[in-house]
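**Student:** For reference, the file query-v6.cif (mmCIF, C-alpha atoms) is included below:
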data_entry
#
loop_
_atom_site.label_atom_id
_atom_site.label_comp_id
_atom_site.auth_asym_id
_atom_site.auth_seq_id
_atom_site.Cartn_x
_atom_site.Cartn_y
_atom_site.Cartn_z
CA MET A 1 26.67 -168.48 75.28
CA PRO A 2 23.06 -167.25 75.43
CA ILE A 3 22.08 -170.04 77.80
CA VAL A 4 24.07 -168.76 80.75
CA LEU A 5 22.99 -171.29 83.37
CA PHE A 6 21.28 -174.65 83.69
CA ARG A 7 20.10 -175.05 87.28
CA VAL A 8 18.18 -177.64 89.29
CA ASP A 9 16.45 -175.90 92.19
CA GLU A 10 13.08 -176.95 93.57
CA ARG A 11 12.26 -173.32 94.41
CA LEU A 12 12.81 -172.31 90.75
CA ILE A 13 12.52 -168.51 90.71
CA HIS A 14 13.45 -167.13 94.14
CA GLY A 15 15.94 -164.87 95.91
CA GLN A 16 19.15 -166.80 95.24
CA VAL A 17 18.29 -167.16 91.57
CA VAL A 18 16.90 -163.70 90.84
CA ILE A 19 19.21 -161.69 93.08
CA GLY A 20 22.30 -163.85 93.61
CA TRP A 21 22.69 -165.40 90.17
CA GLY A 22 20.67 -162.68 88.45
CA HIS A 23 23.10 -160.00 89.57
CA ALA A 24 26.07 -162.01 88.30
CA LEU A 25 24.60 -163.26 85.02
CA ARG A 26 22.12 -160.52 84.06
CA PRO A 27 19.64 -162.87 82.38
CA ASP A 28 16.99 -161.51 80.05
CA ARG A 29 14.88 -164.60 80.42
CA TYR A 30 14.15 -167.52 82.71
CA LEU A 31 13.09 -170.66 80.93
CA VAL A 32 11.27 -172.92 83.40
CA VAL A 33 11.13 -176.47 82.13
CA ASP A 34 8.41 -178.40 83.89
CA ASP A 35 5.55 -180.47 82.53
CA GLU A 36 3.12 -179.54 85.30
CA LEU A 37 3.86 -175.82 85.46
CA ALA A 38 3.65 -175.54 81.69
CA GLN A 39 -0.07 -176.28 82.14
CA SER A 40 -0.74 -174.15 85.21
CA GLY A 41 -1.55 -170.52 84.49
CA TRP A 42 -1.96 -169.41 88.09
CA GLU A 43 1.38 -170.84 89.19
CA GLN A 44 3.08 -169.22 86.22
CA GLU A 45 1.69 -165.88 87.36
CA LEU A 46 3.15 -166.39 90.83
CA TYR A 47 6.61 -167.10 89.48
CA ARG A 48 6.44 -164.10 87.15
CA LEU A 49 5.78 -161.85 90.12
CA GLY A 50 9.18 -162.78 91.50
CA ALA A 51 11.25 -162.39 88.36
CA GLY A 52 11.52 -158.62 88.13
CA GLU A 53 11.89 -157.35 84.59
CA ALA A 54 13.18 -160.57 83.09
CA GLU A 55 10.84 -162.55 80.87
CA VAL A 56 9.67 -165.89 82.26
CA VAL A 57 8.76 -168.66 79.86
CA PHE A 58 7.32 -172.04 80.82
CA ARG A 59 7.75 -175.11 78.63
CA SER A 60 7.19 -178.82 78.97
CA VAL A 61 10.35 -180.93 78.85
CA ARG A 62 9.47 -182.15 75.39
CA ASP A 63 8.87 -178.68 73.96
CA ALA A 64 11.97 -177.27 75.62
CA ARG A 65 14.16 -180.09 74.33
CA ALA A 66 12.91 -179.55 70.79
CA SER A 67 13.80 -175.88 70.86
CA LEU A 68 16.86 -175.84 73.11
CA GLY A 69 19.17 -175.21 70.18
CA ASP A 70 17.03 -172.28 69.04
CA TRP A 71 17.03 -170.78 72.52
CA GLY A 72 20.80 -171.08 72.59
CA ALA A 73 21.14 -169.23 69.30
CA LEU A 74 19.13 -166.21 70.41
CA PRO A 75 20.98 -163.18 71.73
CA ALA A 76 18.87 -163.05 74.90
CA ARG A 77 20.68 -164.41 77.96
CA THR A 78 18.66 -167.30 79.27
CA VAL A 79 18.70 -169.19 82.56
CA VAL A 80 17.18 -172.66 82.30
CA LEU A 81 15.55 -173.94 85.49
CA THR A 82 14.05 -177.26 86.52
CA ARG A 83 12.75 -178.14 89.96
CA ASP A 84 13.82 -181.76 89.82
CA VAL A 85 16.69 -183.80 88.44
CA SER A 86 14.41 -185.93 86.30
CA SER A 87 13.28 -182.99 84.16
CA MET A 88 16.88 -181.87 83.61
CA ARG A 89 17.87 -185.41 82.68
CA ARG A 90 15.05 -185.66 80.14
CA LEU A 91 15.99 -182.26 78.77
CA ALA A 92 19.51 -183.56 78.14
CA ASP A 93 18.26 -186.67 76.35
CA GLY A 94 18.66 -185.17 72.91
CA GLY A 95 22.37 -184.51 73.39
CA GLU A 96 22.05 -180.72 73.15
CA MET A 97 23.54 -180.27 76.61
CA SER A 98 26.74 -182.22 76.07
CA GLY A 99 29.69 -180.29 77.47
CA ARG A 100 27.50 -177.98 79.54
CA VAL A 101 27.48 -177.70 83.32
CA VAL A 102 24.31 -178.31 85.30
CA ASN A 103 24.23 -176.37 88.53
CA PHE A 104 22.57 -178.02 91.53
CA GLY A 105 21.33 -175.26 93.76
CA GLY A 106 18.60 -176.52 96.01
CA LEU A 107 16.97 -179.85 96.73
CA HIS A 108 15.76 -179.99 100.30
CA ALA A 109 15.42 -182.84 102.75
CA GLY A 110 12.56 -185.22 102.13
CA PRO A 111 11.55 -188.86 102.44
CA GLY A 112 14.16 -191.13 100.86
CA ARG A 113 16.62 -188.32 100.27
CA GLU A 114 20.12 -188.28 101.72
CA ARG A 115 22.01 -185.15 102.54
CA VAL A 116 24.96 -184.37 100.30
CA LEU A 117 25.34 -180.69 101.20
CA THR A 118 23.27 -178.36 103.38
CA TYR A 119 21.23 -177.35 100.34
CA LEU A 120 21.39 -180.60 98.41
CA HIS A 121 19.59 -183.85 99.30
CA LEU A 122 19.37 -186.67 96.80
CA SER A 123 17.22 -189.75 96.44
CA PRO A 124 18.45 -192.91 94.69
CA ALA A 125 16.32 -191.90 91.68
CA ASP A 126 18.03 -188.48 91.64
CA VAL A 127 21.43 -190.17 91.62
CA GLU A 128 20.37 -192.39 88.73
CA ASP A 129 19.23 -189.33 86.79
CA MET A 130 22.54 -187.63 87.53
CA ARG A 131 24.42 -190.65 86.25
CA ALA A 132 22.39 -190.42 83.06
CA LEU A 133 23.21 -186.71 82.79
CA SER A 134 26.88 -187.47 83.24
CA GLY A 135 26.60 -190.17 80.60
CA ALA A 136 25.17 -187.56 78.24
CA GLY A 137 28.35 -185.52 78.63
CA VAL A 138 26.97 -183.07 81.18
CA LYS A 139 29.14 -181.87 84.05
CA LEU A 140 27.46 -181.81 87.46
CA GLN A 141 28.29 -179.09 89.92
CA ALA A 142 26.72 -178.02 93.21
CA ARG A 143 26.85 -174.30 93.93
CA ASP A 144 24.09 -172.38 95.66
CA LEU A 145 25.44 -168.91 94.85
CA PRO A 146 27.90 -167.66 92.24
CA ASP A 147 30.50 -166.60 94.80
CA ALA A 148 30.35 -169.92 96.67
CA PRO A 149 32.89 -172.61 95.87
CA GLY A 150 31.55 -175.10 93.36
CA VAL A 151 31.48 -178.76 94.34
CA ASP A 152 32.09 -181.22 91.53
CA LEU A 153 29.38 -183.86 91.84
CA THR A 154 30.28 -185.96 88.84
CA GLU A 155 32.89 -188.10 90.60
CA GLU A 156 30.75 -188.47 93.69
CA VAL A 157 27.71 -189.58 91.76
CA LEU A 158 29.64 -192.05 89.67
CA ARG A 159 31.35 -193.42 92.76
CA SER A 160 28.26 -193.87 94.93
CA PRO A 161 26.74 -197.37 95.02
CA MET B 162 -23.76 -160.10 118.50
CA ASN B 163 -21.11 -161.89 116.47
CA GLU B 164 -17.52 -161.35 117.47
CA VAL B 165 -15.20 -160.61 114.57
CA ALA B 166 -11.96 -162.59 114.74
CA LEU B 167 -8.91 -160.37 114.88
CA PRO B 168 -6.39 -161.13 112.15
CA LYS B 169 -3.27 -163.08 112.91
CA GLY B 170 0.08 -161.93 111.65
CA LEU B 171 2.46 -164.43 110.14
CA VAL B 172 6.01 -163.29 109.46
CA ILE B 173 8.02 -165.36 107.00
CA GLY B 174 11.61 -164.67 106.11
CA HIS B 175 14.98 -165.99 105.12
CA GLY B 176 17.23 -167.41 107.83
CA GLY B 177 16.44 -166.03 111.28
CA MET B 178 14.90 -162.78 110.11
CA ALA B 179 11.26 -163.54 110.95
CA GLN B 180 11.96 -164.71 114.47
CA GLY B 181 14.25 -161.75 114.99
CA LEU B 182 11.51 -159.33 113.97
CA VAL B 183 8.93 -160.99 116.20
CA ASP B 184 11.40 -160.92 119.11
CA ALA B 185 11.94 -157.21 118.46
CA VAL B 186 8.19 -156.58 118.51
CA ARG B 187 7.97 -158.42 121.84
CA THR B 188 10.79 -156.33 123.27
CA ILE B 189 8.95 -153.15 122.35
CA ALA B 190 5.29 -154.11 122.62
CA GLY B 191 5.29 -156.97 125.11
CA SER B 192 2.58 -159.59 124.88
CA ASN B 193 0.96 -157.82 121.93
CA ALA B 194 3.54 -159.78 119.96
CA ASP B 195 1.47 -162.90 120.65
CA ALA B 196 -0.54 -161.87 117.59
CA LEU B 197 2.50 -162.73 115.48
CA ALA B 198 4.05 -166.04 114.52
CA ALA B 199 7.38 -166.49 112.77
CA LEU B 200 8.38 -168.95 110.09
CA SER B 201 11.74 -169.42 108.36
CA ASN B 202 12.35 -170.97 104.98
CA GLU B 203 15.58 -172.50 106.27
CA GLY B 204 15.82 -176.09 105.11
CA MET B 205 12.22 -176.06 103.88
CA SER B 206 11.10 -177.27 100.49
CA PRO B 207 8.50 -175.07 98.75
CA ASP B 208 5.76 -177.58 99.62
CA ASP B 209 6.86 -177.85 103.25
CA LEU B 210 6.80 -174.09 103.62
CA ARG B 211 3.44 -173.76 101.98
CA HIS B 212 1.94 -176.40 104.28
CA ALA B 213 3.45 -174.67 107.30
CA ILE B 214 1.82 -171.40 106.22
CA ASP B 215 -1.50 -173.17 105.65
CA GLY B 216 -1.32 -174.58 109.16
CA ALA B 217 -0.35 -171.32 110.83
CA ALA B 218 -2.83 -169.11 109.02
CA VAL B 219 -5.86 -171.36 109.20
CA GLY B 220 -9.03 -170.33 111.05
CA GLY B 221 -9.56 -166.65 110.38
CA PRO B 222 -8.16 -163.60 108.68
CA ALA B 223 -4.39 -163.29 108.45
CA VAL B 224 -1.79 -160.88 107.19
CA VAL B 225 1.20 -162.79 105.88
CA PHE B 226 4.28 -160.59 106.03
CA VAL B 227 7.20 -161.66 103.84
CA ASP B 228 10.65 -160.20 103.40
CA LEU B 229 11.25 -160.26 99.67
CA GLN B 230 8.86 -160.30 96.74
CA ALA B 231 11.25 -162.40 94.65
CA GLY B 232 11.84 -164.90 97.44
CA SER B 233 10.71 -168.43 98.10
CA CYS B 234 8.87 -167.20 101.23
CA CYS B 235 6.72 -164.93 99.11
CA MET B 236 6.08 -167.63 96.52
CA ALA B 237 4.93 -170.07 99.18
CA ALA B 238 2.79 -167.39 100.85
CA LEU B 239 1.13 -166.44 97.57
CA ALA B 240 0.39 -170.07 96.79
CA SER B 241 -1.04 -170.58 100.27
CA CYS B 242 -3.16 -167.42 100.19
CA ARG B 243 -4.44 -167.94 96.67
CA ALA B 244 -8.21 -167.55 96.56
CA CYS B 245 -8.38 -166.81 100.29
CA GLY B 246 -10.25 -163.51 100.63
CA ASP B 247 -9.26 -163.09 104.26
CA ARG B 248 -5.53 -163.61 103.80
CA VAL B 249 -3.25 -160.98 102.34
CA VAL B 250 0.46 -161.13 101.57
CA VAL B 251 2.45 -157.97 102.32
CA THR B 252 6.03 -157.86 101.03
CA GLY B 253 8.98 -155.92 102.41
CA VAL B 254 8.16 -156.47 106.07
CA ASN B 255 9.78 -154.13 108.57
CA LEU B 256 9.55 -153.48 112.28
CA PRO B 257 7.37 -150.33 112.16
CA MET B 258 4.84 -152.21 110.05
CA LEU B 259 4.65 -155.06 112.56
CA LEU B 260 4.35 -152.73 115.52
CA ASP B 261 1.49 -150.96 113.80
CA PHE B 262 -0.16 -154.30 113.11
CA VAL B 263 -0.18 -155.51 116.69
CA PHE B 264 -1.77 -152.26 117.91
CA HIS B 265 -4.38 -151.88 115.17
CA ARG B 266 -5.67 -155.36 114.48
CA ASP B 267 -9.19 -154.27 115.32
CA GLU B 268 -9.45 -152.02 112.29
CA PRO B 269 -11.42 -153.28 109.29
CA PHE B 270 -9.22 -155.75 107.44
CA GLU B 271 -8.79 -153.84 104.18
CA THR B 272 -8.17 -150.58 106.01
CA LEU B 273 -5.63 -152.32 108.19
CA VAL B 274 -3.73 -153.69 105.21
CA GLU B 275 -3.56 -150.29 103.54
CA ARG B 276 -2.45 -148.75 106.78
CA LEU B 277 0.34 -151.29 107.29
CA VAL B 278 1.74 -150.70 103.82
CA GLU B 279 1.66 -146.96 104.40
CA GLN B 280 3.35 -147.28 107.79
CA GLY B 281 6.02 -149.57 106.45
CA ARG B 282 6.82 -147.27 103.54
CA GLY B 283 6.65 -144.14 105.66
CA ALA B 284 9.22 -145.46 108.08
CA ILE B 285 11.89 -145.57 105.39
CA ARG B 286 13.45 -142.18 104.97
CA PRO B 287 16.80 -140.46 105.18
CA VAL B 288 17.31 -138.62 108.44
CA ARG B 289 19.93 -135.91 108.39
CA VAL B 290 21.09 -133.97 111.38
CA GLU B 291 22.13 -130.43 110.51
CA ARG B 292 25.73 -129.59 111.20
CA GLY B 293 26.10 -128.09 114.65
CA GLN B 294 22.70 -129.40 115.76
CA ARG B 295 22.57 -131.41 118.99
#
Would you encode the structure as structure tokens?
**Tutor:**
Amino acid sequence: MPIVLFRVDERLIHGQVVIGWGHALRPDRYLVVDDELAQSGWEQELYRLGAGEAEVVFRSVRDARASLGDWGALPARTVVLTRDVSSMRRLADGGEMSGRVVNFGGLHAGPGRERVLTYLHLSPADVEDMRALSGAGVKLQARDLPDAPGVDLTEEVLRSP
Amino acid sequence: MNEVALPKGLVIGHGGMAQGLVDAVRTIAGSNADALAALSNEGMSPDDLRHAIDGAAVGGPAVVFVDLQAGSCCMAALASCRACGDRVVVTGVNLPMLLDFVFHRDEPFETLVERLVEQGRGAIRPVRVERGQR
């Protein structure tokens, strides 16, 4: 149970995550999985400013995938964050995430993206990545905050053309 | 003699908070509120918000007021103001702080920023009325 949440949210560490989910889940650590941010010291510092007392760790997808099992075995409660669906899909490639739920909390409007919910807009590439996640045994659920009703995305993604 | 540009104030908050604060400043201080602009993160991606801040703050010194240090508004503001010596992010914006800003923009920039933080903090206090007092 130490990985208490997998979440796709392009804002990564922000109010909903730190205050909304943080209050409910009491994480000790945020693990940000992102190839670009793993190389960017100044951006890491910005995100750490917003995380309060929790530790913030940045890893590339490859490094995170290799040590996901180890993270899960540690007693520290960890929230895993990616800012795009592609990174989460690649993280799941090794099969470590089978049976887990991925929370979709914030992908905003942009070119080529269609609105699914007020806080969730998906491109065809996102949908393909979600299909791959589903194929890897991952459940897909949209929920911006812990007290909001969850929306099961698995059926919708599999059904869409 | 060179004229020193007065700093702009940019208020960024969740939902309608920023516009509400700027409207409140206008109600109290009239056209002095023209020194302030409001931005919301509503429906904005991090990049969109950052570009909006870049656009609004360009061309001179600016104080970027944000509501919450842990929030996406603050993250975008920090990214936008990175390595800009004449832009400062102030978290925990409140109305007294903004009112002080619009009336004291002519103070030296660093002094102004310190003053705003002090005013904002100082305005938060418990006020108790003694029993029987009118």
**Student:** Between atom CA of B:Leu260 and atom CA of B:Val165, what is the distance in Å, rounded to a tenth?
**Tutor:**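 Atom CA of B:Val165 lies 21.1 Å from atom CA of B:Leu260.
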**Student:** Considering only C-alpha atoms, return as a ChimeraX atom specification whatever protein or nucleic-acid residues lie within 10 Å of A:Arg89, sequence-local ones (same chain, fewer than 3 positions apart) excluded.
**Tutor:** /A:61,82,84-86,92-94,97,102,126,128-134,136,138
**Student:** What are the closest atom pairs, with distances in Å to one decimal, for each residue of chain A lying within 10 Å of chain B, using all atoms listed in the file, rows by chain and rising residue number, as a tab-separated table?
**Tutor:**
residue	atom	partner	partner_atom	distance
A:Asp9	CA	B:Ser206	CA	10.0
A:Glu10	CA	B:Pro207	CA	7.2
A:Arg11	CA	B:Pro207	CA	6.0
A:Leu12	CA	B:Ser233	CA	8.6
A:Ile13	CA	B:Ala231	CA	7.4
A:His14	CA	B:Gly232	CA	4.3
A:Gly15	CA	B:Gly232	CA	4.4
A:Gln16	CA	B:Gly232	CA	7.9
A:Val17	CA	B:Gly232	CA	9.0
A:Val18	CA	B:Ala231	CA	6.9
A:Ile19	CA	B:Ala231	CA	8.1
A:Trp42	CA	B:Ala240	CA	9.0
A:Glu43	CA	B:Ala240	CA	7.7
A:Leu46	CA	B:Met236	CA	6.5
A:Tyr47	CA	B:Met236	CA	7.1
A:Arg48	CA	B:Ala231	CA	9.1
A:Leu49	CA	B:Ala231	CA	7.1
A:Gly50	CA	B:Ala231	CA	3.8
A:Ala51	CA	B:Ala231	CA	6.3
A:Gly52	CA	B:Ala231	CA	7.5
A:Gly106	CA	B:Ser206	CA	8.8
A:Leu107	CA	B:Ser206	CA	7.4
A:His108	CA	B:Ser206	CA	5.4
A:Ala109	CA	B:Gly204	CA	7.2
A:Gly110	CA	B:Ser206	CA	8.2
A:Thr118	CA	B:Gly204	CA	8.0
A:Tyr119	CA	B:Gly204	CA	7.3
A:Leu120	CA	B:Gly204	CA	9.8
**Student:** Atom CA of A:Arg143 to atom CA of A:Ala38: how many Å, to one decimal?
**Tutor:**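 Between atom CA of A:Arg143 and atom CA of A:Ala38 the gap is 26.3 Å.
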**Student:** Excluding stretch 179-187 of chain B and residues on its chain fewer than 5 positions from it, collect all residues at most 7 Å away from it, counting all atoms listed in the file, and give them as a list in words.
**Tutor:**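 So, after excluding close chain neighbours, the residues are Val172, Ile173, Gly174, Ser192, Ala194, Leu197, Ala199, Leu200, Ser201, Leu256 and Leu260 of chain B.
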**Student:** Residues near stretch 280-293 of chain B, anyone? I mean within 8 Å using only C-alpha atoms, not counting same-chain ones fewer than 4 positions away, as a list in words.
**Tutor:**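 Answer for this query is Val254, Asn255, Leu256, Pro257, Met258, Asp261 and Arg276 of chain B.
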**Student:** Given the PyMOL selection byres ((chain A and resi 54) around 8) and the file above, list the residues it selects as a PyMOL selection string.
**Tutor:** chain A and resi 27-30+51-53+55-56
**Student:** I need the residue set behind the PyMOL selection byres ((chain A and resi 64-67) around 12) for this file; please write it as a PyMOL selection string.
**Tutor:** chain A and resi 31-35+38+57-63+68-74+80-82+87-97
**Student:** Limit the output to N, CA and C atoms and give stretch 256-267 of chain B as a tab-separated table (two decimals), in the first residue's frame.
**Tutor:**
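Heads up, here's the output in result32.tsv:
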chain	number	residue	atom	x	y	z
B	256	LEU	N	-6.47	41.55	0.66
B	256	LEU	CA	-6.94	42.88	0.26
B	256	LEU	C	-6.09	44.01	0.86
B	257	PRO	N	-5.77	43.99	2.14
B	257	PRO	CA	-4.93	45.06	2.68
B	257	PRO	C	-3.59	45.21	1.95
B	258	MET	N	-3.03	44.11	1.57
B	258	MET	CA	-1.75	44.12	0.84
B	258	MET	C	-1.91	44.83	-0.52
B	259	LEU	N	-3.00	44.53	-1.20
B	259	LEU	CA	-3.23	45.14	-2.52
B	259	LEU	C	-3.54	46.63	-2.40
B	260	LEU	N	-4.30	46.98	-1.38
B	260	LEU	CA	-4.58	48.40	-1.17
B	260	LEU	C	-3.29	49.16	-0.89
B	261	ASP	N	-2.43	48.58	-0.10
B	261	ASP	CA	-1.16	49.22	0.20
B	261	ASP	C	-0.32	49.37	-1.06
B	262	PHE	N	-0.38	48.36	-1.90
B	262	PHE	CA	0.38	48.39	-3.15
B	262	PHE	C	-0.04	49.56	-4.03
B	263	VAL	N	-1.33	49.71	-4.24
B	263	VAL	CA	-1.76	50.73	-5.21
B	263	VAL	C	-1.45	52.15	-4.72
B	264	PHE	N	-1.30	52.33	-3.40
B	264	PHE	CA	-1.01	53.67	-2.88
B	264	PHE	C	0.48	53.93	-2.65
B	265	HIS	N	1.30	52.90	-2.78
B	265	HIS	CA	2.73	53.08	-2.48
B	265	HIS	C	3.64	52.55	-3.57
B	266	ARG	N	3.17	52.54	-4.78
B	266	ARG	CA	3.98	52.00	-5.88
B	266	ARG	C	5.23	52.83	-6.16
B	267	ASP	N	5.24	54.05	-5.67
B	267	ASP	CA	6.40	54.91	-5.96
B	267	ASP	C	7.56	54.67	-5.00
